[in-house]
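J.: Just dropping this structure here.
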Amino acid sequence: MSFRLRAAIIAAFALSATAAVTAADMSSASEAAPSVLPLPGTTELNAAPAGAKPAVTFAAPREVAQPLATLSDSDDVKADNLAALVDAQGAAEDVSGDMKCLAGAVYFESKGESLEGQLAVARVIINRARSGRFADSLCGVIYQPGQFSFVRGNGMPSIRMGSESWREAVAIAQIAMEDSWNSQAEGALYFHARRVSPGWGKRQLAAIDNHIFYR
């Protein structure tokens, strides 16, 4: 075999091997390429033509963990001040029983005073009912003989139910019952008007508007 013929055969084998390697690489690249699915509402007919660059690349949505919305145990209304909390209570509800007794006491004892003063009056009545030293119900505390000057013949005078003063009294009674705002006279069991000096010898906790509160 001549030298030229041998060189031609070797060159042919080299070209054949190179072509085989190139074909294998193209096959592997085709298998690794991701498949493209048409978007919902599209078909292969209106999909982008082969070789066209898509305007937007869509990725599979990732699962995002979001905290659940949290609510207070009783879905309580939150406010930055007592006046806002009173306003959030809305119109005066048709209250009855102990709640009506409490709102009535707030109305007659502190009508026209500050909301803080009204809340302190309400807290005294609630504290008494829980203390074990007075009646164990709000109505019982209020109607206990000789305790509240507005009580007449085991009853209360008539109340102007449509007044702003009654709306505030009901709202304050609800706030006091729910313990949703701290009073300036927390823990008080007694109070009297500033115009009198009973000389009780009890520990004074606060003086709010027309009343002084004691433990």
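By convention here, the chains of the structure tokens are called A, B, ... in the order presented, each chain's residues are numbered starting at 1, and ligands are numbered starting at 1 in the order presented.
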Taking the DSSP secondary structure from the backbone, can you list the residues of range 138-196 of chain A that are strand (DSSP E), as a VMD selection string?

T.: chain A and resid 190 to 193

J.: Could you write out that same residue set with C-alpha atoms as a PDB file, in the first residue's frame?

T.:
ATOM      1  CA  TYR A 190     -64.810  53.726  97.449  1.00  0.00           C
ATOM      2  CA  PHE A 191     -65.262  57.245  96.180  1.00  0.00           C
ATOM      3  CA  HIS A 192     -66.931  60.461  97.284  1.00  0.00           C
ATOM      4  CA  ALA A 193     -67.562  63.897  95.824  1.00  0.00           C
TER       5      ALA A 193
END

J.: Considering only C-alpha atoms, give me a table of residues in range 140-183 of chain A that are at most 7 Å from range 78-101 of chain A, with the closest atom pair and distance in Å for each, as a Markdown table.

T.:
| residue | atom | partner | partner_atom | distance |
| --- | --- | --- | --- | --- |
| A:Arg167 | CA | A:Ala92 | CA | 4.7 |
| A:Glu168 | CA | A:Val86 | CA | 6.8 |
| A:Val170 | CA | A:Ala92 | CA | 5.9 |
| A:Ala171 | CA | A:Val86 | CA | 5.5 |
| A:Ile172 | CA | A:Val86 | CA | 6.7 |
| A:Ala173 | CA | A:Met99 | CA | 6.8 |

J.: Since we have the selection now, will you write its residues out, keeping N, CA, C and O atoms, as a PDB file, in the first residue's frame?

T.:
ATOM      1  N   ARG A 167     -75.087  57.297  75.718  1.00  0.00           N
ATOM      2  CA  ARG A 167     -74.218  56.529  74.824  1.00  0.00           C
ATOM      3  C   ARG A 167     -72.836  56.363  75.442  1.00  0.00           C
ATOM      4  O   ARG A 167     -72.260  55.269  75.430  1.00  0.00           O
ATOM      5  N   GLU A 168     -72.306  57.437  76.018  1.00  0.00           N
ATOM      6  CA  GLU A 168     -70.999  57.349  76.664  1.00  0.00           C
ATOM      7  C   GLU A 168     -71.042  56.414  77.868  1.00  0.00           C
ATOM      8  O   GLU A 168     -70.110  55.624  78.082  1.00  0.00           O
ATOM      9  N   VAL A 170     -72.984  53.821  78.423  1.00  0.00           N
ATOM     10  CA  VAL A 170     -73.038  52.424  77.982  1.00  0.00           C
ATOM     11  C   VAL A 170     -71.671  51.981  77.465  1.00  0.00           C
ATOM     12  O   VAL A 170     -71.197  50.875  77.764  1.00  0.00           O
ATOM     13  N   ALA A 171     -71.029  52.839  76.682  1.00  0.00           N
ATOM     14  CA  ALA A 171     -69.705  52.498  76.150  1.00  0.00           C
ATOM     15  C   ALA A 171     -68.697  52.303  77.274  1.00  0.00           C
ATOM     16  O   ALA A 171     -67.916  51.339  77.265  1.00  0.00           O
ATOM     17  N   ILE A 172     -68.713  53.184  78.264  1.00  0.00           N
ATOM     18  CA  ILE A 172     -67.795  53.058  79.400  1.00  0.00           C
ATOM     19  C   ILE A 172     -68.085  51.781  80.184  1.00  0.00           C
ATOM     20  O   ILE A 172     -67.153  51.080  80.629  1.00  0.00           O
ATOM     21  N   ALA A 173     -69.357  51.452  80.367  1.00  0.00           N
ATOM     22  CA  ALA A 173     -69.712  50.215  81.078  1.00  0.00           C
ATOM     23  C   ALA A 173     -69.172  48.996  80.328  1.00  0.00           C
ATOM     24  O   ALA A 173     -68.638  48.060  80.946  1.00  0.00           O
TER      25      ALA A 173
END

J.: Given the choices A:Ala122, A:Leu102, A:Ser163, A:Phe108, which gets closest to Trp181 in chain A if the distance is worked out from only C-alpha atoms?

T.: A:Ala122

J.: From range 108-209 of chain A, collect each residue whose DSSP state is helix (DSSP H, G or I) and return the set as number ranges by chain.

T.: A: 108-110, 115-131, 138-142, 164-178

J.: Write the residues of the selection above to a file with C-alpha atoms, as a PDB file, in the first residue's frame.

T.:
ATOM      1  CA  PHE A 108     -76.057  59.372  87.269  1.00  0.00           C
ATOM      2  CA  GLU A 109     -72.771  59.535  89.198  1.00  0.00           C
ATOM      3  CA  SER A 110     -70.501  61.012  86.520  1.00  0.00           C
ATOM      4  CA  LEU A 115     -64.291  59.683  80.265  1.00  0.00           C
ATOM      5  CA  GLU A 116     -61.513  58.831  82.742  1.00  0.00           C
ATOM      6  CA  GLY A 117     -63.760  59.898  85.604  1.00  0.00           C
ATOM      7  CA  GLN A 118     -66.667  57.839  84.290  1.00  0.00           C
ATOM      8  CA  LEU A 119     -64.433  54.787  83.867  1.00  0.00           C
ATOM      9  CA  ALA A 120     -63.168  55.108  87.440  1.00  0.00           C
ATOM     10  CA  VAL A 121     -66.755  55.092  88.745  1.00  0.00           C
ATOM     11  CA  ALA A 122     -67.540  51.973  86.724  1.00  0.00           C
ATOM     12  CA  ARG A 123     -64.414  50.213  87.984  1.00  0.00           C
ATOM     13  CA  VAL A 124     -65.340  50.855  91.628  1.00  0.00           C
ATOM     14  CA  ILE A 125     -68.688  49.103  91.153  1.00  0.00           C
ATOM     15  CA  ILE A 126     -67.080  46.144  89.373  1.00  0.00           C
ATOM     16  CA  ASN A 127     -64.339  45.905  92.014  1.00  0.00           C
ATOM     17  CA  ARG A 128     -66.964  45.791  94.751  1.00  0.00           C
ATOM     18  CA  ALA A 129     -68.877  42.969  93.066  1.00  0.00           C
ATOM     19  CA  ARG A 130     -65.651  40.951  92.773  1.00  0.00           C
ATOM     20  CA  SER A 131     -64.282  41.718  96.224  1.00  0.00           C
ATOM     21  CA  LEU A 138     -73.462  44.806  89.867  1.00  0.00           C
ATOM     22  CA  CYS A 139     -77.134  45.532  90.481  1.00  0.00           C
ATOM     23  CA  GLY A 140     -76.762  44.255  94.030  1.00  0.00           C
ATOM     24  CA  VAL A 141     -73.822  46.613  94.656  1.00  0.00           C
ATOM     25  CA  ILE A 142     -75.682  49.598  93.257  1.00  0.00           C
ATOM     26  CA  GLU A 164     -74.902  61.453  74.166  1.00  0.00           C
ATOM     27  CA  SER A 165     -74.413  61.052  77.912  1.00  0.00           C
ATOM     28  CA  TRP A 166     -76.214  57.696  77.848  1.00  0.00           C
ATOM     29  CA  ARG A 167     -74.218  56.529  74.824  1.00  0.00           C
ATOM     30  CA  GLU A 168     -70.999  57.349  76.664  1.00  0.00           C
ATOM     31  CA  ALA A 169     -72.219  55.641  79.849  1.00  0.00           C
ATOM     32  CA  VAL A 170     -73.038  52.424  77.982  1.00  0.00           C
ATOM     33  CA  ALA A 171     -69.705  52.498  76.150  1.00  0.00           C
ATOM     34  CA  ILE A 172     -67.795  53.058  79.400  1.00  0.00           C
ATOM     35  CA  ALA A 173     -69.712  50.215  81.078  1.00  0.00           C
ATOM     36  CA  GLN A 174     -68.778  47.868  78.223  1.00  0.00           C
ATOM     37  CA  ILE A 175     -65.119  48.926  78.317  1.00  0.00           C
ATOM     38  CA  ALA A 176     -64.976  48.493  82.088  1.00  0.00           C
ATOM     39  CA  MET A 177     -66.581  45.041  81.935  1.00  0.00           C
ATOM     40  CA  GLU A 178     -64.136  43.905  79.255  1.00  0.00           C
TER      41      GLU A 178
END

J.: So which one's closest to Phe148 in chain A, A:Val196, A:Ala105, A:Ala188, A:Ala207? Using only C-alpha atoms, please.

T.: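 Closest to Phe148 in chain A of all the choices is A:Ala105.
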
J.: Counting only C-alpha atoms, figure out which residue out of A:Arg195, A:Trp200, A:Leu189, A:Arg160 gets nearest to Phe134 in chain A.

T.: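 Once distances to Phe134 in chain A are computed over only C-alpha atoms, the minimum belongs to A:Leu189.
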